[in-house]
>>> print(open('entry-v3.cif').read())   # mmCIF, C-alpha atoms and all ligand atoms
data_model
#
loop_
_atom_site.label_atom_id
_atom_site.label_comp_id
_atom_site.auth_asym_id
_atom_site.auth_seq_id
_atom_site.Cartn_x
_atom_site.Cartn_y
_atom_site.Cartn_z
CA MET A 1 4.78 -7.48 6.96
CA PRO A 2 5.08 -6.39 10.58
CA THR A 3 1.79 -6.43 12.41
CA SER A 4 2.83 -4.25 15.33
CA GLY A 5 2.42 -0.50 15.36
CA PRO A 6 -0.23 1.70 13.82
CA GLN A 7 -1.15 0.93 10.23
CA ARG A 8 -1.94 3.53 7.61
CA THR A 9 -3.09 3.34 4.02
CA CYS A 10 -0.85 4.70 1.28
CA ILE A 11 -2.80 7.10 -0.93
CA GLY A 12 -0.59 6.10 -3.85
CA CYS A 13 -0.84 2.32 -4.01
CA GLY A 14 -3.67 1.78 -1.54
CA THR A 15 -1.88 -0.82 0.56
CA HIS A 16 -1.64 -0.78 4.32
CA ALA A 17 1.75 -0.19 5.86
CA ASN A 18 3.30 0.62 9.18
CA ARG A 19 3.23 4.36 9.58
CA ALA A 20 6.98 4.35 10.12
CA ALA A 21 7.34 3.30 6.48
CA LEU A 22 5.18 6.12 5.20
CA VAL A 23 5.45 9.89 4.85
CA ARG A 24 2.72 12.08 6.27
CA ILE A 25 1.08 14.95 4.44
CA VAL A 26 -1.11 17.17 6.56
CA ARG A 27 -3.96 19.55 6.01
CA SER A 28 -3.51 22.12 8.75
CA PRO A 29 -6.45 23.67 10.59
CA ASP A 30 -5.84 26.82 8.50
CA GLY A 31 -6.46 24.81 5.33
CA SER A 32 -2.92 24.74 4.00
CA ILE A 33 -1.54 21.41 2.84
CA HIS A 34 2.06 20.46 3.23
CA LEU A 35 4.58 17.74 3.90
CA ASP A 36 4.82 16.80 7.57
CA GLN A 37 8.24 15.25 7.93
CA THR A 38 7.96 14.82 11.68
CA ALA A 39 4.40 13.41 11.49
CA THR A 40 3.45 15.54 14.47
CA LEU A 41 1.65 18.55 13.00
CA PRO A 42 -2.00 19.09 13.91
CA GLY A 43 -4.60 18.52 11.25
CA ARG A 44 -5.89 15.78 9.03
CA GLY A 45 -3.19 13.49 7.72
CA ALA A 46 -2.69 11.48 4.57
CA TRP A 47 0.02 8.89 4.19
CA ILE A 48 2.15 7.83 1.27
CA HIS A 49 5.19 5.67 0.63
CA PRO A 50 8.31 7.73 -0.08
CA ASP A 51 8.31 6.16 -3.51
CA ALA A 52 8.17 7.85 -6.90
CA GLY A 53 5.61 5.36 -8.19
CA CYS A 54 3.25 5.98 -5.30
CA VAL A 55 3.61 9.75 -5.71
CA GLN A 56 2.85 9.46 -9.40
CA ASN A 57 -0.20 7.34 -8.64
CA ALA A 58 -1.50 9.65 -5.96
CA ARG A 59 -1.12 12.66 -8.22
CA ALA A 60 -2.88 10.94 -11.12
CA ARG A 61 -5.72 9.73 -8.90
CA ARG A 62 -5.94 13.01 -7.01
CA GLY A 63 -5.44 11.00 -3.86
CA LEU A 64 -4.77 14.01 -1.68
CA ALA A 65 -7.86 15.84 -2.83
CA ARG A 66 -9.91 12.79 -1.93
CA SER A 67 -8.25 12.29 1.43
CA PHE A 68 -8.66 15.91 2.40
CA ARG A 69 -11.99 16.46 0.63
CA THR A 70 -10.68 19.59 -1.04
CA GLY A 71 -9.53 20.51 -4.50
CA ASN A 72 -7.10 22.95 -2.99
CA VAL A 73 -3.99 20.80 -3.39
CA THR A 74 -0.99 22.65 -4.74
CA ASP A 75 1.84 21.11 -6.70
CA GLY A 76 4.24 22.49 -4.12
CA VAL A 77 3.28 19.65 -1.80
CA TRP A 78 4.34 17.10 -4.37
CA ASP A 79 7.53 18.99 -5.09
CA ASP A 80 8.40 18.67 -1.41
CA VAL A 81 7.61 14.96 -1.34
CA GLU A 82 9.67 14.33 -4.46
CA GLU A 83 12.54 16.28 -3.01
CA LEU A 84 12.36 14.15 0.12
CA ILE A 85 12.46 10.99 -1.97
CA ASN A 86 15.37 12.23 -4.03
CA HIS A 87 17.38 12.96 -0.93
CA GLN A 88 16.87 9.67 0.84
ZN ZN B 1 2.37 3.16 -1.71
#
>>> encode(input="entry-v3.cif", output="structure tokens")
Amino acid sequence: MPTSGPQRTCIGCGTHANRAALVRIVRSPDGSIHLDQTATLPGRGAWIHPDAGCVQNARARRGLARSFRTGNVTDGVWDDVEELINHQ
């Protein structure tokens, strides 16, 4: 595992990874939650591997709700992440 570069924790499997290997999901200052493909949007971020298993895990464990401390997580976010994975 490369040790250089910022490390983030995947909310699906819980392992640390270089942020370049992860996808960012952001809770914007306005409270909306969405996929942040460029990893540059303002707000609180959560990170996940672009992997169907990690997405499934995060959904089952309500990983986003825990990361963002809100129950206001819509399925649309996951639809976007899954679409991203499917189009890799
Ligand atoms: Zn993962």
>>> closest_residue(input="entry-v3.cif", among="A:Arg59, A:Thr9, A:Val77, A:Asn18", to="Ala46 of chain A", atoms="only C-alpha atoms")
A:Thr9
>>> closest_residue(input="entry-v3.cif", among="A:Gly71, A:Gly63, A:Gly5, A:Gly53", to="Ile25 of chain A", atoms="only C-alpha atoms")
A:Gly63
>>> residues_near_ligand(input="entry-v3.cif", ligand="ligand ZN 1 (chain B)", cutoff="9 Å", atoms="all atoms listed in the file", output="list of chain:residue names")
A:Thr9, A:Cys10, A:Ile11, A:Gly12, A:Cys13, A:Gly14, A:Thr15, A:His16, A:Ala17, A:Leu22, A:Trp47, A:Ile48, A:His49, A:Pro50, A:Asp51, A:Gly53, A:Cys54, A:Val55, A:Asn57, A:Ala58
>>> residues_near_point(input="entry-v3.cif", point="(-4.4, 12.8, 5.1)", cutoff="8 Å", atoms="all atoms listed in the file", output="list in words")
Arg24, Ile25, Val26, Arg27, Arg44, Gly45, Ala46, Trp47, Leu64, Ser67 and Phe68 of chain A
>>> residues_around(input="entry-v3.cif", residues="Gly31 of chain A", least_positions_apart="6", cutoff="12 Å", atoms="all atoms listed in the file", output="PyMOL selection string")
chain A and resi 42-44+68-74
>>> residues_around(input="entry-v3.cif", residues="Ile85 of chain A", least_positions_apart="2", cutoff="8 Å", atoms="all atoms listed in the file", output="list in words")
Pro50, Asp51, Ala52, Val81, Glu82, Glu83, His87 and Gln88 of chain A
>>> write_last_selection(input="entry-v3.cif", atoms="C-alpha atoms", output="PDB file, in the frame of the given file")
ATOM      1  CA  PRO A  50       8.310   7.730  -0.080  1.00  0.00           C
ATOM      2  CA  ASP A  51       8.310   6.160  -3.510  1.00  0.00           C
ATOM      3  CA  ALA A  52       8.170   7.850  -6.900  1.00  0.00           C
ATOM      4  CA  VAL A  81       7.610  14.960  -1.340  1.00  0.00           C
ATOM      5  CA  GLU A  82       9.670  14.330  -4.460  1.00  0.00           C
ATOM      6  CA  GLU A  83      12.540  16.280  -3.010  1.00  0.00           C
ATOM      7  CA  HIS A  87      17.380  12.960  -0.930  1.00  0.00           C
ATOM      8  CA  GLN A  88      16.870   9.670   0.840  1.00  0.00           C
TER       9      GLN A  88
END
>>> atom_distance(input="entry-v3.cif", atom1="atom CA of Arg8 of chain A", atom2="atom CA of Asp80 of chain A")
20.4 Å
>>> atom_distance(input="entry-v3.cif", atom1="atom CA of Ala20 of chain A", atom2="atom CA of Asp75 of chain A")
24.3 Å
>>> atom_distance(input="entry-v3.cif", atom1="atom CA of Thr38 of chain A", atom2="atom CA of Val23 of chain A")
8.8 Å
>>> closest_residue(input="entry-v3.cif", among="A:Ser28, A:Gln56, A:Asn86, A:Gln7", to="Leu41 of chain A", atoms="all atoms listed in the file")
A:Ser28
>>> decode(input="entry-v3.cif", residues="segment 15-54 of chain A", atoms="C-alpha atoms", output="PDB file, in the first residue's frame")
ATOM      1  CA  THR A  15      -9.898   0.374   5.603  1.00  0.00           C
ATOM      2  CA  HIS A  16      -7.583   3.279   4.964  1.00  0.00           C
ATOM      3  CA  ALA A  17      -6.705   4.077   1.389  1.00  0.00           C
ATOM      4  CA  ASN A  18      -5.101   6.797  -0.644  1.00  0.00           C
ATOM      5  CA  ARG A  19      -7.778   9.317  -1.464  1.00  0.00           C
ATOM      6  CA  ALA A  20      -7.004   8.894  -5.152  1.00  0.00           C
ATOM      7  CA  ALA A  21      -8.379   5.364  -4.877  1.00  0.00           C
ATOM      8  CA  LEU A  22     -11.621   6.495  -3.295  1.00  0.00           C
ATOM      9  CA  VAL A  23     -14.740   8.358  -4.376  1.00  0.00           C
ATOM     10  CA  ARG A  24     -15.890  11.360  -2.379  1.00  0.00           C
ATOM     11  CA  ILE A  25     -19.442  11.964  -1.258  1.00  0.00           C
ATOM     12  CA  VAL A  26     -20.121  15.406   0.140  1.00  0.00           C
ATOM     13  CA  ARG A  27     -22.640  17.004   2.418  1.00  0.00           C
ATOM     14  CA  SER A  28     -22.898  20.545   1.113  1.00  0.00           C
ATOM     15  CA  PRO A  29     -23.318  23.532   3.410  1.00  0.00           C
ATOM     16  CA  ASP A  30     -26.985  23.611   2.317  1.00  0.00           C
ATOM     17  CA  GLY A  31     -27.452  20.099   3.709  1.00  0.00           C
ATOM     18  CA  SER A  32     -27.798  18.241   0.436  1.00  0.00           C
ATOM     19  CA  ILE A  33     -25.764  15.075  -0.018  1.00  0.00           C
ATOM     20  CA  HIS A  34     -24.362  14.035  -3.330  1.00  0.00           C
ATOM     21  CA  LEU A  35     -21.547  12.407  -5.220  1.00  0.00           C
ATOM     22  CA  ASP A  36     -18.518  14.671  -5.629  1.00  0.00           C
ATOM     23  CA  GLN A  37     -16.690  13.279  -8.621  1.00  0.00           C
ATOM     24  CA  THR A  38     -14.079  16.017  -8.643  1.00  0.00           C
ATOM     25  CA  ALA A  39     -13.513  15.835  -4.859  1.00  0.00           C
ATOM     26  CA  THR A  40     -13.444  19.621  -4.736  1.00  0.00           C
ATOM     27  CA  LEU A  41     -16.897  20.628  -3.518  1.00  0.00           C
ATOM     28  CA  PRO A  42     -17.184  22.467  -0.205  1.00  0.00           C
ATOM     29  CA  GLY A  43     -18.685  20.630   2.721  1.00  0.00           C
ATOM     30  CA  ARG A  44     -18.068  17.579   4.829  1.00  0.00           C
ATOM     31  CA  GLY A  45     -16.779  14.621   2.871  1.00  0.00           C
ATOM     32  CA  ALA A  46     -17.099  10.876   3.174  1.00  0.00           C
ATOM     33  CA  TRP A  47     -15.002   8.467   1.177  1.00  0.00           C
ATOM     34  CA  ILE A  48     -15.732   5.095  -0.347  1.00  0.00           C
ATOM     35  CA  HIS A  49     -14.089   2.661  -2.724  1.00  0.00           C
ATOM     36  CA  PRO A  50     -15.768   2.620  -6.138  1.00  0.00           C
ATOM     37  CA  ASP A  51     -16.660  -0.976  -5.426  1.00  0.00           C
ATOM     38  CA  ALA A  52     -20.083  -2.605  -5.320  1.00  0.00           C
ATOM     39  CA  GLY A  53     -19.236  -4.500  -2.143  1.00  0.00           C
ATOM     40  CA  CYS A  54     -18.210  -1.352  -0.301  1.00  0.00           C
TER      41      CYS A  54
END
